[in-house]
$ cat start_38.cif   # mmCIF, C-alpha atoms
data_run
#
loop_
_atom_site.label_atom_id
_atom_site.label_comp_id
_atom_site.auth_asym_id
_atom_site.auth_seq_id
_atom_site.Cartn_x
_atom_site.Cartn_y
_atom_site.Cartn_z
CA MET A 165 -17.10 -15.95 28.79
CA THR A 166 -13.42 -16.21 28.02
CA VAL A 167 -11.08 -17.94 30.41
CA SER A 168 -8.35 -15.65 31.73
CA SER A 169 -4.86 -17.06 31.42
CA ILE A 170 -2.76 -17.66 34.50
CA LEU A 171 0.99 -17.40 34.16
CA LYS A 172 3.80 -17.59 36.65
CA LEU A 173 6.12 -14.83 35.54
CA THR A 174 8.33 -14.55 38.62
CA GLY A 175 11.84 -15.84 38.07
CA ILE A 176 11.86 -15.01 34.36
CA THR A 177 15.09 -13.27 33.48
CA THR A 178 15.03 -10.58 30.80
CA ILE A 179 17.66 -8.56 29.02
CA VAL A 180 16.51 -5.16 27.76
CA VAL A 181 18.66 -3.49 25.10
CA ASP A 182 17.83 0.19 24.72
CA GLU A 183 19.75 3.44 25.16
CA ASP A 184 16.70 5.55 26.07
CA ALA A 185 16.76 5.59 29.87
CA PHE A 186 13.22 7.00 30.10
CA ALA A 187 11.79 4.22 27.95
CA VAL A 188 13.79 1.58 29.84
CA THR A 189 12.46 2.80 33.18
CA LEU A 190 8.88 2.53 31.95
CA LEU A 191 9.52 -0.90 30.49
CA THR A 192 11.12 -2.05 33.74
CA GLN A 193 8.08 -0.92 35.70
CA MET A 194 5.81 -2.83 33.36
CA LEU A 195 7.87 -6.03 33.46
CA CYS A 196 8.26 -5.95 37.25
CA GLY A 197 4.55 -5.17 37.61
CA LEU A 198 3.73 -8.23 35.52
CA GLY A 199 5.89 -10.26 37.89
CA LEU A 200 9.11 -10.74 35.95
CA ASP A 201 12.47 -10.27 37.63
CA THR A 202 14.09 -6.84 37.33
CA PRO A 203 15.60 -6.89 33.83
CA THR A 204 19.27 -6.58 33.04
CA VAL A 205 19.76 -3.45 30.93
CA ALA A 206 22.30 -3.07 28.15
CA GLU A 207 22.43 0.38 26.63
CA ASN A 208 23.86 -0.69 23.29
CA GLY A 209 24.56 -3.70 21.14
CA ALA A 210 28.14 -4.20 22.32
CA ALA A 211 27.08 -4.23 25.98
CA ALA A 212 24.36 -6.76 25.17
CA GLN A 213 26.85 -8.98 23.32
CA ALA A 214 29.25 -8.88 26.27
CA LEU A 215 26.46 -10.00 28.61
CA LEU A 216 25.04 -12.67 26.31
CA GLU A 217 28.41 -14.32 25.74
CA HIS A 218 28.46 -15.42 29.37
CA LYS A 219 24.83 -15.68 30.40
CA SER A 220 21.52 -16.88 29.05
CA TYR A 221 18.25 -15.07 29.62
CA ASP A 222 14.69 -16.26 29.20
CA LEU A 223 13.62 -13.28 27.12
CA CYS A 224 15.24 -10.44 25.19
CA ILE A 225 13.53 -7.11 24.52
CA CYS A 226 15.50 -5.03 22.10
CA GLU A 227 15.14 -1.61 20.50
CA ALA A 228 15.27 -1.70 16.69
CA GLU A 229 17.75 1.18 16.40
CA LEU A 230 20.72 1.05 18.74
CA THR A 231 23.56 3.54 18.83
CA ASP A 232 26.25 1.14 17.65
CA MET A 233 24.28 -1.30 15.49
CA THR A 234 20.78 -2.06 14.36
CA GLY A 235 18.50 -4.31 16.38
CA ALA A 236 18.41 -6.64 13.39
CA SER A 237 22.23 -7.03 13.50
CA LEU A 238 22.10 -7.86 17.19
CA VAL A 239 19.33 -10.42 16.65
CA LYS A 240 21.37 -12.06 13.87
CA TRP A 241 24.39 -12.20 16.16
CA ILE A 242 22.34 -13.76 18.98
CA ARG A 243 20.85 -16.38 16.65
CA ARG A 244 24.34 -17.48 15.61
CA LEU A 245 25.67 -17.93 19.14
CA GLN A 246 26.78 -21.44 20.08
CA THR A 247 25.01 -21.29 23.45
CA PRO A 248 21.36 -21.89 24.44
CA ALA A 249 20.93 -18.09 24.39
CA ARG A 250 20.36 -18.28 20.65
CA PHE A 251 17.01 -19.99 21.19
CA MET A 252 15.58 -17.33 23.53
CA PRO A 253 12.47 -15.44 22.40
CA ILE A 254 13.40 -11.97 21.12
CA LEU A 255 10.89 -9.15 21.06
CA VAL A 256 11.96 -6.10 19.05
CA LEU A 257 10.40 -2.71 19.73
CA THR A 258 10.39 -0.27 16.84
CA GLU A 259 9.82 3.44 16.97
CA TYR A 260 7.06 4.98 14.90
CA SER A 261 9.40 6.22 12.20
CA ASN A 262 11.17 2.85 11.92
CA ALA A 263 8.02 0.84 11.32
CA LYS A 264 9.10 0.33 7.73
CA ASN A 265 11.91 -1.93 8.96
CA VAL A 266 9.53 -4.51 10.38
CA LEU A 267 10.30 -7.09 7.70
CA VAL A 268 14.06 -6.57 8.05
CA VAL A 269 13.80 -7.20 11.78
CA ARG A 270 11.59 -10.26 11.31
CA ASP A 271 13.99 -11.68 8.76
CA SER A 272 16.88 -11.24 11.15
CA GLY A 273 15.34 -13.91 13.41
CA ALA A 274 13.21 -11.96 15.90
CA ASN A 275 10.16 -13.73 17.29
CA LEU A 276 8.02 -10.63 17.43
CA VAL A 277 8.14 -7.03 16.32
CA VAL A 278 6.06 -4.48 18.19
CA ARG A 279 5.68 -0.79 17.54
CA LYS A 280 6.25 1.48 20.54
CA PRO A 281 4.74 2.30 22.92
CA ALA A 282 4.48 -1.11 24.51
CA SER A 283 1.72 -1.44 27.09
CA PRO A 284 1.40 -3.99 29.91
CA GLN A 285 -1.31 -5.77 27.90
CA ILE A 286 0.90 -6.02 24.82
CA LEU A 287 3.87 -7.25 26.83
CA TYR A 288 1.83 -9.84 28.72
CA ASP A 289 0.20 -11.18 25.57
CA HIS A 290 3.50 -11.39 23.74
CA ILE A 291 5.28 -13.13 26.57
CA GLU A 292 2.43 -15.63 26.71
CA TRP A 293 2.45 -16.06 22.95
CA SER A 294 6.23 -16.51 22.82
CA ALA A 295 6.06 -19.12 25.56
CA LYS A 296 3.09 -21.13 24.36
CA HIS A 297 3.46 -21.05 20.60
CA SER A 298 6.71 -22.83 20.10
CA ARG A 299 7.96 -22.89 16.55
CA PRO A 300 10.68 -24.98 14.97
CA PHE A 301 14.05 -23.26 15.05
CA VAL A 302 15.48 -23.02 11.55
CA GLU A 303 19.18 -22.91 10.76
CA ALA A 304 19.87 -22.11 7.12
CA ASP A 305 22.66 -20.34 5.29
CA ASN A 306 20.84 -17.04 5.14
CA TYR A 307 18.46 -17.30 8.09
CA VAL A 308 18.68 -18.53 11.66
CA GLY A 309 15.69 -18.15 13.92
CA PRO A 310 12.14 -19.27 14.57
CA ASP A 311 10.27 -20.61 11.56
CA ARG A 312 8.61 -17.66 9.86
CA ARG A 313 6.03 -19.86 8.15
CA PHE A 314 3.55 -20.25 10.95
CA ARG A 315 0.50 -18.71 9.39
CA SER A 316 -1.58 -20.79 7.03
CA LEU A 317 -2.38 -18.25 4.36
CA GLY A 318 -2.60 -20.64 1.42
CA PRO A 319 -0.60 -20.27 -1.75
CA PRO A 320 0.91 -16.86 -2.59
CA GLY A 321 -1.69 -14.47 -3.92
CA GLY A 322 -4.36 -17.13 -3.42
CA VAL A 323 -3.20 -18.88 -6.60
CA GLY A 324 -1.65 -22.32 -6.54
CA ARG A 325 1.46 -23.12 -8.48
CA ARG A 326 0.40 -26.60 -9.60
CA GLU A 327 -2.34 -27.42 -12.05
CA THR A 328 -3.93 -29.68 -9.47
CA ASP A 329 -4.02 -26.98 -6.74
CA LEU A 330 -7.52 -26.19 -5.68
CA SER A 331 -8.83 -22.67 -5.58
CA SER A 332 -8.80 -20.95 -2.18
CA GLU A 333 -12.49 -20.13 -2.74
CA VAL A 334 -14.84 -22.90 -1.70
CA GLY A 335 -17.51 -23.21 -4.33
CA ALA A 336 -21.05 -24.50 -4.04
CA ALA A 337 -21.49 -28.21 -3.29
CA VAL A 338 -21.81 -30.30 -6.42
CA GLU A 339 -22.96 -33.49 -4.69
CA PRO A 340 -25.49 -34.14 -1.94
CA ASN A 341 -24.14 -34.14 1.64
CA MET A 342 -22.84 -37.46 2.94
CA SER A 343 -24.86 -39.22 5.57
CA GLN A 344 -23.41 -39.70 9.05
CA SER A 345 -23.11 -43.46 8.51
CA GLU A 346 -21.08 -42.86 5.35
CA ILE A 347 -18.75 -40.50 7.26
CA ASP A 348 -18.46 -43.04 10.10
CA ALA A 349 -17.58 -45.74 7.61
CA MET A 350 -14.78 -43.58 6.27
CA VAL A 351 -13.18 -42.87 9.64
CA LYS A 352 -13.76 -46.30 11.20
CA PRO A 353 -12.43 -48.90 8.81
CA THR A 354 -13.97 -52.33 9.22
CA LYS A 355 -12.99 -55.67 7.85
CA ILE A 356 -15.03 -56.82 4.90
CA PHE A 357 -15.21 -60.54 4.40
CA THR A 358 -15.72 -61.70 0.88
CA LEU A 359 -16.52 -65.19 -0.12
CA MET B 484 27.20 -29.22 -20.35
CA SER B 485 28.36 -29.34 -16.77
CA ASP B 486 27.54 -32.38 -14.63
CA GLU B 487 27.55 -30.26 -11.48
CA LYS B 488 24.22 -30.26 -9.68
CA PRO B 489 22.94 -27.03 -8.12
CA PRO B 490 23.36 -27.00 -4.32
CA ASN B 491 20.38 -28.46 -2.51
CA ARG B 492 19.35 -25.67 -0.18
CA ARG B 493 17.03 -27.94 1.79
CA ALA B 494 19.92 -30.28 2.59
CA THR B 495 21.81 -27.49 4.42
CA THR B 496 18.80 -26.36 6.44
CA LYS B 497 18.46 -27.77 9.94
CA TYR B 498 15.31 -27.75 12.04
CA HIS B 499 15.41 -27.93 15.85
CA MET B 500 12.63 -28.07 18.34
CA PRO B 501 14.42 -26.66 21.40
CA ARG B 502 12.86 -27.10 24.81
CA SER B 503 11.24 -23.81 25.77
CA ARG B 504 12.49 -22.68 29.16
CA LEU B 505 10.02 -19.81 29.06
CA LEU B 506 7.11 -22.24 28.66
CA ALA B 507 8.33 -24.32 31.60
CA LEU B 508 8.59 -21.19 33.75
CA VAL B 509 5.17 -19.70 32.94
CA ASN B 510 3.44 -23.04 33.51
CA ARG B 511 4.71 -23.45 37.07
CA PRO B 512 1.98 -23.54 39.70
CA GLY B 513 1.13 -20.38 41.61
CA GLY B 514 0.70 -17.99 38.71
CA VAL B 515 -1.27 -14.78 38.56
CA ARG B 516 -4.31 -14.05 36.40
CA ARG B 517 -3.78 -11.90 33.31
CA GLU B 518 -6.04 -9.11 34.62
CA GLU B 519 -4.26 -8.97 37.97
CA ALA B 520 -0.79 -8.91 36.40
CA ILE B 521 -1.77 -6.16 33.97
CA ALA B 522 -3.49 -4.13 36.69
CA GLU B 523 -0.37 -4.24 38.84
CA ALA B 524 1.88 -3.27 35.91
CA THR B 525 -0.47 -0.39 35.01
CA ARG B 526 -0.52 0.76 38.64
CA ARG B 527 3.28 0.82 38.74
CA VAL B 528 3.46 2.81 35.52
CA GLU B 529 0.87 5.27 36.83
CA THR B 530 3.06 6.04 39.85
CA MET B 531 5.54 7.49 37.38
CA ARG B 532 3.05 9.82 35.69
CA ASP B 533 4.00 13.13 37.36
CA PRO B 534 7.76 13.00 36.72
CA TYR B 535 7.14 11.78 33.19
CA MET B 536 4.79 14.65 32.40
CA GLU B 537 7.67 16.97 33.23
CA ILE B 538 9.95 14.92 30.98
CA VAL B 539 7.38 15.24 28.17
CA ASP B 540 7.29 18.99 28.71
CA GLU B 541 11.08 19.11 28.56
CA LEU B 542 11.12 17.11 25.32
CA ILE B 543 8.60 19.54 23.81
CA GLY B 544 10.90 22.39 24.85
CA GLN B 545 13.82 20.69 23.08
CA LEU B 546 11.63 20.21 20.02
CA GLU B 547 10.81 23.93 19.97
CA ALA B 548 14.45 24.90 20.39
CA THR B 549 15.54 22.59 17.54
CA ALA B 550 12.76 23.85 15.27
CA ALA B 551 13.89 27.42 15.86
CA LEU B 552 17.40 26.53 14.63
CA LEU B 553 16.26 24.46 11.67
CA ASP B 554 17.26 27.15 9.19
CA GLY B 555 20.95 26.70 10.00
CA ASP B 556 21.52 22.95 9.60
CA PRO B 557 18.21 21.40 8.52
CA ASP B 558 19.56 17.85 7.98
CA LYS B 559 20.92 17.52 11.50
CA GLY B 560 17.93 19.35 12.98
CA LEU B 561 15.41 17.08 11.27
CA VAL B 562 17.13 13.96 12.61
CA ILE B 563 17.09 15.40 16.14
CA MET B 564 13.43 16.38 15.80
CA GLN B 565 12.52 12.93 14.57
CA ASP B 566 14.27 11.33 17.53
CA LEU B 567 12.49 13.69 19.95
CA ALA B 568 9.12 13.05 18.31
CA ASN B 569 9.67 9.29 18.55
CA ARG B 570 10.48 9.60 22.24
CA LEU B 571 7.38 11.71 22.75
CA ILE B 572 5.26 9.03 21.06
CA THR B 573 6.68 6.37 23.37
CA ILE B 574 6.13 8.27 26.61
CA ALA B 575 2.88 10.02 25.71
CA GLY B 576 1.50 6.76 24.31
CA THR B 577 2.30 4.93 27.53
CA PHE B 578 0.35 7.49 29.53
CA GLY B 579 -2.57 7.67 27.11
CA LEU B 580 -1.96 11.21 25.79
CA SER B 581 -3.49 10.32 22.44
CA PHE B 582 -3.71 13.81 20.93
CA LEU B 583 -0.05 14.44 21.70
CA VAL B 584 0.84 11.07 20.18
CA GLU B 585 -1.10 11.84 16.98
CA ALA B 586 0.50 15.27 16.58
CA SER B 587 3.96 13.79 17.16
CA MET B 588 3.29 11.10 14.56
CA ARG B 589 2.40 13.74 11.99
CA LEU B 590 5.62 15.58 12.81
CA CYS B 591 7.52 12.32 12.29
CA ASP B 592 5.86 11.92 8.89
CA LEU B 593 7.02 15.41 7.98
CA THR B 594 10.59 15.08 9.21
CA GLN B 595 10.94 11.80 7.32
CA MET B 596 9.70 13.44 4.15
CA PHE B 597 11.99 16.45 4.46
CA THR B 598 14.99 14.30 5.38
CA THR B 599 14.94 12.69 1.96
CA ARG B 600 13.40 15.43 -0.16
CA SER B 601 13.48 19.18 -0.48
CA PRO B 602 12.49 22.00 -0.34
CA LEU B 603 12.00 22.15 3.40
CA ASP B 604 8.73 23.79 4.46
CA LEU B 605 9.57 25.43 7.77
CA SER B 606 6.04 26.69 8.38
CA ALA B 607 4.68 23.13 8.20
CA ILE B 608 7.19 22.03 10.84
CA THR B 609 6.43 25.06 13.02
CA VAL B 610 2.68 24.49 13.01
CA HIS B 611 3.21 20.89 14.14
CA VAL B 612 5.51 21.93 16.97
CA ARG B 613 2.94 24.49 18.10
CA ALA B 614 0.22 21.83 18.08
CA ILE B 615 2.44 19.54 20.13
CA ARG B 616 2.93 22.33 22.66
CA LEU B 617 -0.84 22.88 22.71
CA PHE B 618 -1.39 19.22 23.60
CA GLY B 619 1.42 19.25 26.17
CA PRO B 620 0.47 17.68 29.52
CA LEU B 621 1.25 20.81 31.54
CA ASN B 622 -1.05 22.96 29.39
CA PRO B 623 -4.79 23.28 30.00
CA PRO B 624 -6.60 20.33 28.35
CA VAL B 625 -7.93 20.96 24.85
CA PRO B 626 -11.60 20.06 24.28
CA GLU B 627 -11.93 16.86 22.26
CA ALA B 628 -13.72 18.42 19.28
CA ALA B 629 -11.12 21.18 18.98
CA ALA B 630 -8.27 18.69 19.32
CA LYS B 631 -9.70 16.50 16.59
CA HIS B 632 -10.05 19.55 14.37
CA VAL B 633 -6.40 20.49 14.94
CA LEU B 634 -5.27 16.95 14.16
CA LEU B 635 -7.30 16.90 10.97
CA GLU B 636 -5.66 20.13 9.88
CA LEU B 637 -2.22 18.71 10.63
CA GLN B 638 -3.04 15.72 8.47
CA ARG B 639 -3.95 18.13 5.66
CA VAL B 640 -0.67 19.96 6.06
CA VAL B 641 1.23 16.65 5.77
CA GLN B 642 -0.79 15.72 2.71
CA HIS B 643 -0.15 19.14 1.18
CA CYS B 644 3.61 18.77 1.72
CA ARG B 645 3.52 15.29 0.22
CA VAL B 646 1.82 16.59 -2.92
CA THR B 647 4.13 19.61 -3.15
CA LEU B 648 7.23 17.43 -2.88
CA SER B 649 5.85 15.04 -5.49
CA ASP B 650 5.38 18.00 -7.81
CA HIS B 651 9.08 18.70 -7.39
CA GLY B 652 9.75 15.37 -9.05
CA ALA B 653 10.95 13.28 -6.12
CA ALA B 654 9.50 9.83 -5.68
CA GLU B 655 7.52 9.05 -2.56
CA PRO B 656 9.99 7.58 -0.07
CA GLU B 657 9.08 4.44 1.78
CA CYS B 658 9.22 6.20 5.12
CA ALA B 659 6.59 8.75 4.19
CA GLN B 660 4.05 5.97 4.05
CA SER B 661 4.60 5.00 7.64
CA THR B 662 1.19 6.29 8.68
CA GLN B 663 -0.26 3.34 6.84
CA VAL B 664 1.76 0.76 8.71
CA GLU B 665 -0.37 -1.37 10.95
CA SER B 666 0.07 -0.48 14.56
CA HIS B 667 -0.62 -4.06 15.55
CA PRO B 668 2.35 -6.21 16.43
CA ILE B 669 3.43 -8.87 14.02
CA HIS B 670 2.50 -12.38 15.05
#

$ encode --input "start_38.cif" --output "structure tokens"
Amino acid sequence: MTVSSILKLTGITTIVVDEDAFAVTLLTQMLCGLGLDTPTVAENGAAAQALLEHKSYDLCICEAELTDMTGASLVKWIRRLQTPARFMPILVLTEYSNAKNVLVVRDSGANLVVRKPASPQILYDHIEWSAKHSRPFVEADNYVGPDRRFRSLGPPGGVGRRETDLSSEVGAAVEPNMSQSEIDAMVKPTKIFTL
Amino acid sequence: MSDEKPPNRRATTKYHMPRSRLLALVNRPGGVRREEAIAEATRRVETMRDPYMEIVDELIGQLEATAALLDGDPDKGLVIMQDLANRLITIAGTFGLSFLVEASMRLCDLTQMFTTRSPLDLSAITVHVRAIRLFGPLNPPVPEAAAKHVLLELQRVVQHCRVTLSDHGAAEPECAQSTQVESHPIH
């Protein structure tokens, strides 16, 4: 039996950036139903920038294609702010036909990219994931945002770059298994007195 | 030979571990179980079903009107149709109208293909719009087997258009492969 998570979502402030009023209304219902505060809505990138220059939010949910800029441009702008707002988790929603831009959005510094439609389950799980899986925040010349290297997938293509790299495939054992006392001896170092 | 060393990229990269305000907030005592929170959010969305079914019907009407005028300015018309189809996917997907979502996705595939390549196949567009109308929420429900058959045929039409356009020498655009993109969010 899996243990259900318990989160206190009241008091969490969200900024939603999307021009589609119908989609925003649905999203608002979902967020309020989950317990979050009624989100602040910005209908385009410029409106969002004006709000974020003066106020920090706990979460940003942004459409990937805005009327005046792309979601990726807005995320890049947020990540380069000199206020705590730049650290906030950003969830970008892409439309079906924009799914090809997922990597562009990720590389702009978004925490998560989700294809529409978002459901209450998806939103809950992503809020939980954004909150509980903190990642180092990277500031480099060409990237500012959460560390993108958080999956341990091994070397690229499963092939190491050094001669000494082991294969990602675990082969058959070549020696007999160690006994428990041998393992214990390895993890519990003891003093050895020699004469 | 120059003595200049290449810039050390690592030296200009900074790592922070900012305190997560979101984590502090969700961990406060007095929270709600996942199931309860989701049930309440779903209930709130369901209260919006009736007005949104009318909105879906209106969007389908706009789709039909745009398709009828596609002959005049196909480039502009295709962009409008793609936007309408995307909006249909969002709303219909939220309310679980899966057949309508599938048909709208196929229309998106088509409009993306015809936006970047020609010749435009109007009959392929028309048949998709008719299928979308068929699956409209204010129409009588279509039996599952029949709906699946229609969707399969739409998929064949898209495939046919893809092959036909390839025969015309244009390379497969990235966007036309969007049906293969994972629907799961990126973690």

$ resolve_selection --input "start_38.cif" --expression "the PyMOL selection byres ((chain A and resi 243-251) around 6)" --output "ChimeraX atom specification"
/A:220,240-242,252,308

$ resolve_selection --input "start_38.cif" --expression "the PyMOL selection byres ((chain A and resi 190) around 9)" --output "list in words"
Ala185, Phe186, Ala187, Val188, Thr189, Leu191, Thr192, Gln193, Met194 and Leu195 of chain A; Arg527, Val528, Met531, Ile574 and Thr577 of chain B

$ closest_atom_pairs --input "start_38.cif" --of "chain B" --to "chain A" --cutoff "8 Å" --atoms "only C-alpha atoms" --output "tab-separated table"
residue	atom	partner	partner_atom	distance
B:Thr495	CA	A:Ala304	CA	6.3
B:Thr496	CA	A:Ala304	CA	4.4
B:Lys497	CA	A:Glu303	CA	5.0
B:Tyr498	CA	A:Val302	CA	4.8
B:His499	CA	A:Phe301	CA	4.9
B:Met500	CA	A:Pro300	CA	5.0
B:Pro501	CA	A:Phe251	CA	7.2
B:Ser503	CA	A:Ala295	CA	7.0
B:Arg504	CA	A:Asp222	CA	6.8
B:Leu505	CA	A:Ala295	CA	5.3
B:Leu506	CA	A:Ala295	CA	4.5
B:Leu508	CA	A:Lys172	CA	6.7
B:Val509	CA	A:Lys172	CA	4.5
B:Asn510	CA	A:Leu171	CA	6.2
B:Arg511	CA	A:Lys172	CA	5.9
B:Pro512	CA	A:Lys172	CA	6.9
B:Gly513	CA	A:Lys172	CA	6.3
B:Gly514	CA	A:Lys172	CA	3.7
B:Val515	CA	A:Ile170	CA	5.2
B:Arg516	CA	A:Ile170	CA	4.4
B:Arg517	CA	A:Ser169	CA	5.6
B:Glu518	CA	A:Ser168	CA	7.5
B:Ala520	CA	A:Leu198	CA	4.7
B:Ile521	CA	A:Pro284	CA	5.6
B:Glu523	CA	A:Gly197	CA	5.2
B:Ala524	CA	A:Gly197	CA	3.7
B:Thr525	CA	A:Pro284	CA	6.5
B:Arg526	CA	A:Gly197	CA	7.9
B:Arg527	CA	A:Gln193	CA	5.9
B:Val528	CA	A:Gln193	CA	5.9
B:Gln565	CA	A:Ser261	CA	7.8
B:Asn569	CA	A:Glu259	CA	6.1
B:Arg570	CA	A:Ala187	CA	8.0
B:Ile572	CA	A:Pro281	CA	7.0
B:Thr573	CA	A:Pro281	CA	4.5
B:Ile574	CA	A:Ala187	CA	7.1
B:Gly576	CA	A:Pro281	CA	5.7
B:Thr577	CA	A:Pro281	CA	5.8
B:Met588	CA	A:Tyr260	CA	7.2
B:Cys591	CA	A:Ser261	CA	6.4
B:Asp592	CA	A:Ser261	CA	7.5
B:Gln595	CA	A:Ser261	CA	7.6
B:Glu657	CA	A:Lys264	CA	7.2
B:Cys658	CA	A:Lys264	CA	6.4
B:Ser661	CA	A:Lys264	CA	6.5
B:Val664	CA	A:Ala263	CA	6.8
B:Ser666	CA	A:Arg279	CA	6.4
B:His667	CA	A:Val278	CA	7.2
B:Pro668	CA	A:Val278	CA	4.5
B:Ile669	CA	A:Val277	CA	5.6
B:His670	CA	A:Leu276	CA	6.3

$ write_last_selection --input "start_38.cif" --atoms "C-alpha atoms" --output "CSV table (one decimal), in the frame of the given file"
chain,number,residue,atom,x,y,z
B,495,THR,CA,21.8,-27.5,4.4
B,496,THR,CA,18.8,-26.4,6.4
B,497,LYS,CA,18.5,-27.8,9.9
B,498,TYR,CA,15.3,-27.8,12.0
B,499,HIS,CA,15.4,-27.9,15.8
B,500,MET,CA,12.6,-28.1,18.3
B,501,PRO,CA,14.4,-26.7,21.4
B,503,SER,CA,11.2,-23.8,25.8
B,504,ARG,CA,12.5,-22.7,29.2
B,505,LEU,CA,10.0,-19.8,29.1
B,506,LEU,CA,7.1,-22.2,28.7
B,508,LEU,CA,8.6,-21.2,33.8
B,509,VAL,CA,5.2,-19.7,32.9
B,510,ASN,CA,3.4,-23.0,33.5
B,511,ARG,CA,4.7,-23.4,37.1
B,512,PRO,CA,2.0,-23.5,39.7
B,513,GLY,CA,1.1,-20.4,41.6
B,514,GLY,CA,0.7,-18.0,38.7
B,515,VAL,CA,-1.3,-14.8,38.6
B,516,ARG,CA,-4.3,-14.0,36.4
B,517,ARG,CA,-3.8,-11.9,33.3
B,518,GLU,CA,-6.0,-9.1,34.6
B,520,ALA,CA,-0.8,-8.9,36.4
B,521,ILE,CA,-1.8,-6.2,34.0
B,523,GLU,CA,-0.4,-4.2,38.8
B,524,ALA,CA,1.9,-3.3,35.9
B,525,THR,CA,-0.5,-0.4,35.0
B,526,ARG,CA,-0.5,0.8,38.6
B,527,ARG,CA,3.3,0.8,38.7
B,528,VAL,CA,3.5,2.8,35.5
B,565,GLN,CA,12.5,12.9,14.6
B,569,ASN,CA,9.7,9.3,18.6
B,570,ARG,CA,10.5,9.6,22.2
B,572,ILE,CA,5.3,9.0,21.1
B,573,THR,CA,6.7,6.4,23.4
B,574,ILE,CA,6.1,8.3,26.6
B,576,GLY,CA,1.5,6.8,24.3
B,577,THR,CA,2.3,4.9,27.5
B,588,MET,CA,3.3,11.1,14.6
B,591,CYS,CA,7.5,12.3,12.3
B,592,ASP,CA,5.9,11.9,8.9
B,595,GLN,CA,10.9,11.8,7.3
B,657,GLU,CA,9.1,4.4,1.8
B,658,CYS,CA,9.2,6.2,5.1
B,661,SER,CA,4.6,5.0,7.6
B,664,VAL,CA,1.8,0.8,8.7
B,666,SER,CA,0.1,-0.5,14.6
B,667,HIS,CA,-0.6,-4.1,15.6
B,668,PRO,CA,2.4,-6.2,16.4
B,669,ILE,CA,3.4,-8.9,14.0
B,670,HIS,CA,2.5,-12.4,15.0

$ residues_around --input "start_38.cif" --residues "stretch 632-635 of chain B" --least-positions-apart "6" --cutoff "9 Å" --atoms "only C-alpha atoms" --output "list of chain:residue names"
B:Phe582, B:Glu585, B:Ala586, B:Arg589, B:Ala614

$ residues_around --input "start_38.cif" --residues "stretch 617-624 of chain B" --least-positions-apart "3" --cutoff "9 Å" --atoms "all atoms listed in the file" --output "list of chain:residue names"
B:Met536, B:Glu537, B:Val539, B:Asp540, B:Ile543, B:Ala575, B:Leu580, B:Phe582, B:Leu583, B:Ala586, B:Val612, B:Arg613, B:Ala614, B:Glu627, B:Ala630

$ atom_distance --input "start_38.cif" --atom1 "atom CA of A:Lys355" --atom2 "atom CA of A:Asn341"
25.0 Å

$ resolve_selection --input "start_38.cif" --expression "the PyMOL selection byres ((chain A and resi 211-215) around 10)" --output "PyMOL selection string"
chain A and resi 179-182+204-210+216-221+224+226+232+238+241-242+245

$ atom_distance --input "start_38.cif" --atom1 "atom CA of B:Gly555" --atom2 "atom CA of B:Thr594"
15.6 Å

$ closest_residue --input "start_38.cif" --among "B:Val610, B:Ile563, B:Leu571, B:Asp604" --to "B:Ile538" --atoms "all atoms listed in the file"
B:Leu571

$ atom_distance --input "start_38.cif" --atom1 "atom CA of B:Ser601" --atom2 "atom CA of B:Leu561"
12.1 Å

$ residues_around --input "start_38.cif" --residues "B:Ser606" --least-positions-apart "5" --cutoff "12 Å" --atoms "all atoms listed in the file" --output "ChimeraX atom specification"
/B:550-551,553-554,590,593,611-613,637,640-641,644

$ axis_aligned_box --input "start_38.cif" --around "stretch 250-266 of chain A" --padding-each-side "8 Å" --output "lines of an AutoDock Vina configuration file"
center_x = 13.7
center_y = -6.9
center_z = 15.6
size_x = 29.3
size_y = 42.2
size_z = 31.8
